[in-house]
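Below is start_22.csv, which holds CSV, C-alpha atoms.
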```csv
chain,number,residue,atom,x,y,z
P,83,MET,CA,-6.7,-12.5,-14.6
P,84,ALA,CA,-9.7,-10.3,-14.0
P,85,GLU,CA,-11.4,-11.4,-17.1
P,86,ARG,CA,-11.2,-15.1,-16.0
P,87,VAL,CA,-13.4,-14.3,-12.9
P,88,LYS,CA,-17.1,-14.0,-13.3
P,89,THR,CA,-18.4,-10.5,-12.6
P,90,ASP,CA,-22.0,-9.4,-12.5
P,91,ILE,CA,-21.5,-5.8,-13.5
P,92,GLY,CA,-25.2,-5.1,-14.2
P,93,LYS,CA,-26.2,-6.3,-10.7
P,94,ALA,CA,-23.3,-4.5,-9.1
P,95,ALA,CA,-24.1,-1.2,-10.9
P,96,ALA,CA,-27.7,-1.4,-10.0
P,97,ALA,CA,-26.8,-1.9,-6.3
P,98,LEU,CA,-24.3,0.9,-6.5
P,99,ASP,CA,-27.0,3.2,-7.9
P,100,LEU,CA,-29.5,2.3,-5.3
P,101,ASP,CA,-27.2,2.6,-2.3
P,102,THR,CA,-25.7,5.9,-3.7
P,103,GLU,CA,-29.2,7.2,-4.4
P,104,LEU,CA,-30.3,6.4,-0.8
P,105,MET,CA,-27.2,8.2,0.6
P,106,VAL,CA,-27.9,11.2,-1.6
P,107,ARG,CA,-31.5,11.2,-0.4
P,108,LEU,CA,-30.4,11.0,3.2
P,109,LYS,CA,-28.0,13.9,2.6
P,110,GLU,CA,-31.0,15.9,1.3
P,111,GLY,CA,-32.9,15.1,4.6
P,112,ASP,CA,-34.8,12.0,3.8
P,113,GLY,CA,-34.4,10.0,7.0
P,114,ALA,CA,-36.3,7.0,5.7
P,115,SER,CA,-33.4,6.3,3.3
P,116,PHE,CA,-31.2,5.6,6.2
P,117,GLY,CA,-33.7,3.0,7.4
P,118,VAL,CA,-33.5,1.3,4.0
P,119,LEU,CA,-29.7,1.3,4.1
P,120,LEU,CA,-29.7,-0.1,7.6
P,121,GLU,CA,-32.1,-2.8,6.7
P,122,LYS,CA,-30.1,-3.8,3.7
P,123,HIS,CA,-26.6,-3.9,5.2
P,124,ARG,CA,-27.2,-4.4,9.0
P,125,LEU,CA,-26.8,-8.2,8.9
P,126,SER,CA,-23.7,-8.3,6.7
P,127,VAL,CA,-22.0,-5.6,8.8
P,128,VAL,CA,-22.8,-7.3,12.1
P,129,HIS,CA,-21.7,-10.8,10.8
P,130,PHE,CA,-18.5,-9.4,9.4
P,131,LEU,CA,-17.7,-7.7,12.6
P,132,TYR,CA,-18.6,-10.8,14.6
P,133,ARG,CA,-16.3,-13.0,12.6
P,134,MET,CA,-13.6,-10.4,13.0
P,135,VAL,CA,-13.7,-9.9,16.7
P,136,GLN,CA,-15.6,-13.2,17.6
P,137,ASN,CA,-17.7,-11.6,20.3
P,138,TYR,CA,-21.4,-10.7,19.7
P,139,ALA,CA,-21.6,-7.9,22.2
P,140,VAL,CA,-18.5,-6.2,20.8
P,141,ALA,CA,-19.6,-6.8,17.2
P,142,GLU,CA,-23.0,-5.2,17.7
P,143,GLU,CA,-21.5,-2.3,19.5
P,144,LEU,CA,-19.0,-1.7,16.6
P,145,ALA,CA,-21.8,-2.1,14.1
P,146,GLN,CA,-23.8,0.6,15.9
P,147,GLU,CA,-20.8,2.8,15.6
P,148,VAL,CA,-20.5,2.0,11.9
P,149,PHE,CA,-24.1,3.1,11.2
P,150,LEU,CA,-23.8,6.1,13.5
P,151,ARG,CA,-20.8,7.2,11.5
P,152,VAL,CA,-22.7,6.7,8.2
P,153,TYR,CA,-25.5,8.9,9.6
P,154,ARG,CA,-23.1,11.5,10.9
P,155,SER,CA,-21.3,11.7,7.6
P,156,ARG,CA,-24.5,12.2,5.6
P,157,SER,CA,-23.9,15.9,5.0
P,158,THR,CA,-20.4,15.5,3.7
P,159,TYR,CA,-21.0,12.3,1.8
P,160,GLU,CA,-19.7,12.3,-1.8
P,161,PRO,CA,-20.5,9.3,-4.0
P,162,THR,CA,-16.9,8.7,-5.2
P,163,ALA,CA,-16.8,5.0,-4.3
P,164,LYS,CA,-19.2,2.1,-4.0
P,165,PHE,CA,-21.3,2.5,-0.8
P,166,THR,CA,-20.4,-0.9,0.5
P,167,THR,CA,-16.7,-0.2,0.0
P,168,TRP,CA,-17.1,2.9,2.2
P,169,LEU,CA,-19.2,0.9,4.7
P,170,PHE,CA,-16.8,-2.0,5.0
P,171,ARG,CA,-13.9,0.4,5.2
P,172,ILE,CA,-15.4,2.0,8.3
P,173,ALA,CA,-16.3,-1.5,9.7
P,174,THR,CA,-12.8,-2.8,9.1
P,175,HIS,CA,-11.2,0.2,10.5
P,176,LEU,CA,-13.3,-0.1,13.7
P,177,ALA,CA,-12.7,-3.8,14.0
P,178,LEU,CA,-8.9,-3.5,13.6
P,179,ASN,CA,-8.9,-0.7,16.2
P,180,ALA,CA,-10.9,-2.8,18.6
P,181,LEU,CA,-8.6,-5.8,18.1
P,182,ARG,CA,-5.6,-3.6,18.7
P,183,ASP,CA,-7.2,-1.9,21.7
P,184,GLY,CA,-7.9,-5.3,23.2
P,185,LYS,CA,-11.7,-4.8,23.2
P,186,ASN,CA,-11.9,-8.4,22.3
P,187,GLU,CA,-9.7,-9.6,25.2
P,188,ARG,CA,-12.5,-11.9,26.1
P,189,LEU,CA,-11.9,-13.6,22.7
P,190,GLN,CA,-9.7,-16.4,24.0
P,191,GLU,CA,-11.9,-16.8,27.1
P,192,ARG,CA,-14.9,-17.1,24.8
P,193,LEU,CA,-13.3,-19.6,22.6
P,194,ASP,CA,-12.6,-21.7,25.6
P,195,ASP,CA,-16.2,-21.3,26.7
P,196,ASP,CA,-18.9,-23.7,25.9
P,197,THR,CA,-19.8,-21.4,23.0
P,198,SER,CA,-23.1,-20.5,24.6
P,199,ASP,CA,-23.4,-17.4,22.5
P,200,MET,CA,-23.3,-19.3,19.3
P,201,PRO,CA,-26.4,-19.4,17.1
P,202,VAL,CA,-28.7,-22.3,17.5
P,203,ARG,CA,-29.0,-24.2,14.3
P,204,GLN,CA,-32.5,-24.5,13.1
P,205,VAL,CA,-33.5,-28.0,12.1
P,206,SER,CA,-36.9,-28.1,10.6
P,207,ASP,CA,-38.1,-31.6,11.3
P,208,ARG,CA,-36.0,-33.0,14.2
P,209,ARG,CA,-33.6,-31.9,16.8
P,210,PRO,CA,-29.9,-32.9,16.5
P,211,SER,CA,-28.7,-35.6,18.8
P,212,VAL,CA,-26.3,-34.7,21.6
P,213,GLU,CA,-23.5,-36.3,19.7
P,214,GLN,CA,-24.3,-34.4,16.5
P,215,SER,CA,-24.4,-31.1,18.5
P,216,MET,CA,-21.1,-31.9,20.1
P,217,VAL,CA,-19.5,-32.7,16.7
P,218,TYR,CA,-20.9,-29.5,15.2
P,219,GLN,CA,-19.7,-27.4,18.1
P,220,ALA,CA,-16.2,-29.0,17.9
P,221,LYS,CA,-16.0,-28.2,14.2
P,222,LEU,CA,-17.2,-24.7,14.7
P,223,ASP,CA,-14.7,-24.1,17.5
P,224,GLU,CA,-12.0,-25.3,15.2
P,225,ILE,CA,-13.1,-23.0,12.4
P,226,ARG,CA,-13.3,-20.0,14.8
P,227,ARG,CA,-9.8,-20.7,16.1
P,228,ALA,CA,-8.4,-21.1,12.6
P,229,ILE,CA,-9.8,-17.7,11.6
P,230,ALA,CA,-8.8,-16.1,14.9
P,231,ALA,CA,-5.2,-17.3,14.3
P,232,LEU,CA,-4.9,-15.4,11.0
P,233,PRO,CA,-3.2,-12.0,11.0
P,234,GLU,CA,-5.8,-9.2,11.2
P,235,LYS,CA,-5.6,-8.1,7.5
P,236,GLN,CA,-5.6,-11.7,6.2
P,237,ARG,CA,-8.7,-12.3,8.4
P,238,ALA,CA,-10.5,-9.3,7.0
P,239,ALA,CA,-9.6,-10.2,3.4
P,240,VAL,CA,-10.8,-13.8,3.8
P,241,LEU,CA,-14.1,-12.7,5.5
P,242,MET,CA,-14.8,-10.2,2.7
P,243,HIS,CA,-13.9,-12.7,0.0
P,244,LYS,CA,-15.7,-15.7,1.4
P,245,TYR,CA,-18.8,-14.2,3.1
P,246,GLU,CA,-19.3,-10.8,1.4
P,247,GLU,CA,-18.3,-12.2,-2.0
P,248,MET,CA,-16.3,-9.1,-2.7
P,249,GLU,CA,-14.1,-8.9,-5.7
P,250,TYR,CA,-10.3,-8.4,-5.3
P,251,SER,CA,-10.6,-4.8,-6.5
P,252,GLN,CA,-13.2,-3.9,-3.8
P,253,ILE,CA,-11.3,-5.7,-1.0
P,254,ALA,CA,-8.2,-3.7,-2.2
P,255,LYS,CA,-10.1,-0.5,-1.8
P,256,VAL,CA,-11.4,-1.4,1.6
P,257,LEU,CA,-8.0,-2.4,2.9
P,258,SER,CA,-6.2,0.5,1.0
P,259,CYS,CA,-3.8,-1.7,-0.8
P,260,SER,CA,-3.2,-3.1,-4.3
P,261,GLU,CA,-5.1,-5.9,-5.9
P,262,SER,CA,-1.9,-8.0,-6.0
P,263,ALA,CA,-1.4,-7.4,-2.3
P,264,VAL,CA,-5.0,-8.7,-1.7
P,265,LYS,CA,-4.3,-11.8,-3.8
P,266,SER,CA,-1.1,-12.4,-1.8
P,267,LEU,CA,-3.0,-11.9,1.5
P,268,LEU,CA,-5.7,-14.3,0.5
P,269,PHE,CA,-3.2,-16.9,-0.8
P,270,ARG,CA,-1.3,-16.9,2.5
P,271,ALA,CA,-4.6,-16.9,4.5
P,272,TYR,CA,-6.1,-19.9,2.6
P,273,GLU,CA,-2.7,-21.7,2.8
P,274,ALA,CA,-2.9,-21.4,6.6
P,275,LEU,CA,-6.6,-22.5,6.6
P,276,ARG,CA,-5.9,-25.5,4.4
P,277,ALA,CA,-3.2,-26.6,6.9
P,278,ARG,CA,-5.7,-26.3,9.8
P,279,LEU,CA,-9.0,-27.2,8.3
P,280,ALA,CA,-8.5,-29.5,5.2
P,281,HIS,CA,-9.0,-32.6,7.4
P,282,MET,CA,-12.6,-31.6,7.9
P,283,ALA,CA,-13.6,-32.7,4.4
R,88,MET,CA,-2.6,-25.2,-20.2
R,89,ASN,CA,0.3,-24.6,-17.9
R,90,CYS,CA,-0.1,-26.0,-14.4
R,91,PRO,CA,-1.5,-23.2,-12.2
R,92,MET,CA,0.7,-24.4,-9.3
R,93,GLU,CA,3.8,-23.1,-11.1
R,94,SER,CA,3.2,-19.6,-9.8
R,95,ARG,CA,1.4,-18.0,-6.9
R,96,GLU,CA,-0.5,-15.7,-9.2
R,97,ASN,CA,-1.9,-18.6,-11.1
R,98,ALA,CA,-2.5,-20.7,-8.0
R,99,GLN,CA,-5.0,-18.1,-7.0
R,100,LEU,CA,-6.9,-19.4,-10.1
R,101,LEU,CA,-7.5,-22.6,-8.2
R,102,VAL,CA,-8.9,-20.7,-5.2
R,103,ASP,CA,-11.3,-18.9,-7.5
R,104,TYR,CA,-12.1,-22.3,-9.2
R,105,CYS,CA,-13.0,-23.9,-5.8
R,106,ALA,CA,-15.1,-20.9,-4.9
R,107,GLY,CA,-17.0,-21.2,-8.1
R,108,LYS,CA,-15.9,-17.7,-9.2
R,109,LEU,CA,-14.4,-18.6,-12.5
R,110,ASP,CA,-16.1,-18.0,-15.8
R,111,PRO,CA,-17.4,-21.2,-17.5
R,112,GLU,CA,-14.5,-21.2,-20.1
R,113,TRP,CA,-11.8,-21.2,-17.4
R,114,GLU,CA,-13.7,-23.5,-15.2
R,115,ALA,CA,-13.8,-26.1,-18.1
R,116,ARG,CA,-10.1,-25.6,-18.7
R,117,LEU,CA,-9.3,-26.3,-15.1
R,118,ASP,CA,-11.6,-29.2,-14.9
R,119,GLY,CA,-9.6,-30.8,-17.7
R,120,HIS,CA,-6.2,-29.9,-16.1
R,121,ILE,CA,-7.2,-31.1,-12.6
R,122,ALA,CA,-8.3,-34.5,-14.1
R,123,THR,CA,-4.7,-35.1,-15.1
R,124,CYS,CA,-2.6,-33.2,-12.5
R,125,ALA,CA,-2.4,-34.8,-9.1
R,126,ALA,CA,-0.9,-31.7,-7.4
R,127,CYS,CA,-3.7,-29.4,-8.5
R,128,GLY,CA,-6.3,-32.1,-7.7
R,129,GLU,CA,-5.0,-32.3,-4.1
R,130,PHE,CA,-4.9,-28.5,-3.8
R,131,ALA,CA,-8.5,-28.3,-5.1
R,132,ARG,CA,-9.7,-31.0,-2.7
R,133,ARG,CA,-8.1,-29.3,0.3
R,134,GLN,CA,-9.3,-25.8,-0.7
R,135,ARG,CA,-12.9,-27.1,-1.2
R,136,ALA,CA,-12.7,-28.6,2.3
R,137,VAL,CA,-11.8,-25.2,3.7
R,138,TRP,CA,-14.6,-23.5,1.7
R,139,GLU,CA,-17.2,-26.0,2.9
R,140,ALA,CA,-15.9,-25.8,6.5
R,141,LEU,CA,-16.3,-22.0,6.4
R,142,ASP,CA,-19.8,-22.4,4.9
R,143,GLY,CA,-20.7,-24.1,8.2
R,144,TRP,CA,-20.0,-21.1,10.3
R,145,ASP,CA,-23.4,-19.5,10.8
R,146,ALA,CA,-23.6,-16.2,12.5
R,147,ALA,CA,-26.5,-15.4,14.9
R,148,PRO,CA,-29.3,-13.1,14.0
R,149,VAL,CA,-28.9,-9.5,15.1
R,150,SER,CA,-30.5,-8.5,18.4
R,151,ALA,CA,-34.1,-7.5,18.1
R,152,ASP,CA,-33.4,-4.1,19.7
R,153,PHE,CA,-30.4,-3.2,17.5
R,154,ASP,CA,-32.3,-0.6,15.5
R,155,ARG,CA,-34.0,0.9,18.5
R,156,ARG,CA,-30.6,1.3,20.3
R,157,LEU,CA,-29.1,2.9,17.2
R,158,TYR,CA,-32.0,5.3,16.6
R,159,ARG,CA,-31.8,6.3,20.3
R,160,ARG,CA,-28.1,7.1,19.9
R,161,ILE,CA,-28.8,9.1,16.7
R,162,GLU,CA,-31.7,10.9,18.4
R,163,ALA,CA,-29.5,11.8,21.4
R,164,GLN,CA,-26.9,13.2,19.1
R,165,VAL,CA,-29.5,15.3,17.2
R,166,SER,CA,-30.9,16.6,20.4
R,167,TRP,CA,-27.4,17.5,21.5
R,168,TRP,CA,-27.0,19.6,18.3
R,169,ASP,CA,-30.4,21.2,18.9
R,170,LEU,CA,-29.3,22.2,22.3
R,171,LEU,CA,-26.0,23.7,21.0
R,172,VAL,CA,-27.7,25.6,18.2
R,173,ARG,CA,-30.8,26.7,20.2
R,174,PRO,CA,-29.1,29.9,21.7
R,175,PHE,CA,-28.2,31.1,18.2
R,176,ARG,CA,-31.7,30.7,16.7
R,177,SER,CA,-33.9,33.7,16.1
R,178,PRO,CA,-37.5,33.7,17.6
R,179,LEU,CA,-38.7,32.4,14.2
R,180,GLY,CA,-36.5,29.4,14.5
R,181,THR,CA,-33.9,30.5,11.9
R,182,VAL,CA,-30.2,31.3,12.5
R,183,THR,CA,-29.3,34.8,11.5
R,184,PRO,CA,-25.8,35.6,9.9
R,185,ARG,CA,-24.8,37.6,13.0
R,186,ARG,CA,-25.9,34.8,15.3
R,187,THR,CA,-24.1,32.3,13.0
R,188,LEU,CA,-20.9,34.2,13.5
R,189,ALA,CA,-21.4,34.4,17.2
R,190,GLY,CA,-22.1,30.6,17.2
R,191,ALA,CA,-19.0,29.8,15.3
R,192,ALA,CA,-17.0,32.0,17.7
R,193,ALA,CA,-18.5,30.3,20.7
R,194,ALA,CA,-17.7,26.9,19.2
R,195,CYS,CA,-14.1,27.9,18.6
R,196,LEU,CA,-13.9,29.2,22.1
R,197,LEU,CA,-15.3,25.9,23.5
R,198,LEU,CA,-12.8,23.9,21.4
R,199,THR,CA,-9.9,26.0,22.5
R,200,ALA,CA,-11.0,25.7,26.1
R,201,GLY,CA,-11.3,22.0,25.7
R,202,ILE,CA,-7.8,21.7,24.2
R,203,LEU,CA,-6.3,23.9,26.9
R,204,LEU,CA,-8.0,21.9,29.7
R,205,GLU,CA,-6.9,18.6,28.1
R,206,ARG,CA,-3.2,19.8,27.9
R,207,PRO,CA,-1.1,18.6,30.7
R,208,ALA,CA,0.7,21.3,32.9
R,209,ILE,CA,4.1,22.4,31.6
R,210,SER,CA,6.7,20.1,33.1
R,211,PRO,CA,10.4,19.3,32.5
R,212,ALA,CA,11.1,17.2,29.4
R,213,PRO,CA,10.1,13.6,30.1
R,214,ALA,CA,12.6,10.8,30.3
R,215,PRO,CA,12.8,8.6,27.1
R,216,ASN,CA,10.6,5.8,28.6
R,217,GLU,CA,7.9,8.4,29.6
R,218,MET,CA,7.9,9.6,26.0
R,219,ALA,CA,7.3,6.1,24.8
R,220,GLN,CA,4.2,6.0,27.1
R,221,VAL,CA,3.0,9.3,25.5
R,222,ASP,CA,3.3,7.7,22.1
R,223,THR,CA,1.1,4.8,23.1
R,224,VAL,CA,-1.9,7.1,23.9
R,225,GLN,CA,-1.6,9.1,20.7
R,226,PRO,CA,-4.0,7.0,18.6
R,227,GLU,CA,-6.9,7.6,21.1
R,228,GLN,CA,-6.1,11.3,21.1
R,229,VAL,CA,-6.1,11.3,17.3
R,230,GLU,CA,-9.4,9.4,17.3
R,231,ARG,CA,-11.0,11.9,19.7
R,232,THR,CA,-9.7,14.9,17.7
R,233,LEU,CA,-11.0,13.4,14.5
R,234,ASP,CA,-14.4,12.9,16.2
R,235,ALA,CA,-14.3,16.5,17.4
R,236,MET,CA,-13.5,17.7,13.9
R,237,GLU,CA,-16.2,15.6,12.4
R,238,MET,CA,-18.7,17.1,14.9
R,239,LEU,CA,-17.5,20.6,14.2
R,240,ASN,CA,-17.8,20.0,10.4
R,241,GLU,CA,-21.3,18.8,10.9
R,242,PHE,CA,-22.1,21.8,13.2
R,243,SER,CA,-20.8,24.3,10.6
R,244,HIS,CA,-22.8,22.5,7.9
R,245,HIS,CA,-25.9,22.6,10.1
R,246,VAL,CA,-25.4,26.3,10.8
R,247,ARG,CA,-24.7,27.0,7.1
R,248,THR,CA,-27.8,25.2,6.0
R,249,GLU,CA,-30.0,27.0,8.5
R,250,GLY,CA,-28.2,30.3,7.7
R,251,SER,CA,-29.0,30.0,4.0
R,252,GLY,CA,-32.6,29.0,5.0
R,253,SER,CA,-32.9,32.3,6.9
R,254,LYS,CA,-31.7,34.3,3.9
R,255,LEU,CA,-34.5,32.9,1.9
```

Step by step, read the file and then write its structure as structure tokens.
Amino acid sequence: MAERVKTDIGKAAAALDLDTELMVRLKEGDGASFGVLLEKHRLSVVHFLYRMVQNYAVAEELAQEVFLRVYRSRSTYEPTAKFTTWLFRIATHLALNALRDGKNERLQERLDDDTSDMPVRQVSDRRPSVEQSMVYQAKLDEIRRAIAALPEKQRAAVLMHKYEEMEYSQIAKVLSCSESAVKSLLFRAYEALRARLAHMA
Amino acid sequence: MNCPMESRENAQLLVDYCAGKLDPEWEARLDGHIATCAACGEFARRQRAVWEALDGWDAAPVSADFDRRLYRRIEAQVSWWDLLVRPFRSPLGTVTPRRTLAGAAAACLLLTAGILLERPAISPAPAPNEMAQVDTVQPEQVERTLDAMEMLNEFSHHVRTEGSGSKL
């Protein structure tokens, strides 16, 4: 089925080269390369972790740990896999550990909150009405609950597939499983999400 | 074409179709199929609804001081290494082979002392339920040990690098 799915090999290879080159430069002592990697991947790592643990403070703390581990591993880094695969492997590992350790025990509490930590939607010309805001928050809450209800691995797979636009092979490497296992995880996850969110159309 | 809903493997095609991830040839094939297949049409409608709902989940911008906090942590760690390596440096700032050996020995000594201090006193064999409790703390211990190994690895690399520098 792989040939049925669009792949942008040129773009991916270029990105692979750049990230790998930056890591190799960092290994050789060029500290500025770390800054470039951080700038490039900071947002996606924090957002992935936020959607996994659904708590901004915990997500940022975990993201700091991810980049700290990247920096600490610079001397032993070997470019055997795509940089983002390695990066998200660290991020997923930390997120799963945090979920299991109960670091996100405030999750349910947060979901029941008035979602005050949620981003403010930028509307260029006019502010949303109170009713619009309430509808938006209610929908957001439903989405967050639906994602939070997924088993951890299914959640990670959906987030990487949907928001990081990763291919099945890369998700498989991040989660250390086969491509068919990833497809199965995604199928079950989307099945659950369709049952909970399809009415939102 | 066969209906993708006939197998789970092919149903994944519909997920890719709704995500706009199919190549144009397969997209056209599914367009044609969905126009005549009610089950696939319904599946696609519901999957698109999920996709659009997830699109609406914005994440907040990262804190303004994220980088500053990270660099402070990195700096603290580097300073820690400097402190550790400082006693083994020669006056010229290089690490001599003899000093390197002494450093490695000291690091081993520290690690051994750490392990011995962490070990609980010898006591009679625990009851089965106590053993279960011990099992529950193991992942944290493993995590700590891995961190310690990682730091030692980096320390030896650091020392090796400086050692080779001193030979030059």

Separation of atom CA of Ser150 of chain R and atom CA of Ala230 of chain P, in Å?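 The value is 23.3 Å.
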
Please report as a PyMOL selection string which residues of chain R come no farther than 9 Å from chain P, using all atoms listed in the file. chain R and resi 95-100+102-104+106-114+130+132-150+153-154+156-158+160-161+237-238+240-241+244-245

So that I can check the surroundings of segment 252-257 of chain P, please list as a ChimeraX atom specification every protein, DNA and RNA residue that reaches within 6 Å of it, counting only C-alpha atoms and ignoring chain neighbours fewer than 3 positions away. /P:167,171,249,260-261,264

Contacts of Glu160 of chain P at 12 Å or less, counting all atoms listed in the file, minus same-chain residues fewer than 2 places along, as a list in words?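 Here the qualifying residues turn out to be Thr102, Glu103, Met105, Val106, Arg107, Leu108, Lys109, Val152, Ser155, Arg156, Ser157, Thr158, Thr162, Ala163, Lys164, Phe165 and Trp168 of chain P.
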
Tell me, in Å to one decimal, how far atom CA of Met216 of chain P is from atom CA of Asn137 of chain P.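 Interatomic distance, atom CA of Met216 of chain P to atom CA of Asn137 of chain P: 20.6 Å.
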
To one decimal place, how far is atom CA of Asp112 of chain P from atom CA of Ala163 of chain R in Å?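 According to the coordinates, atom CA of Asp112 of chain P and atom CA of Ala163 of chain R are separated by 18.4 Å.
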
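Remark: for Pro233 of chain P, the closest of the candidate residues P:Ala263, P:Val212, P:Val140, P:Leu181 is P:Leu181 (distances computed over all atoms listed in the file).
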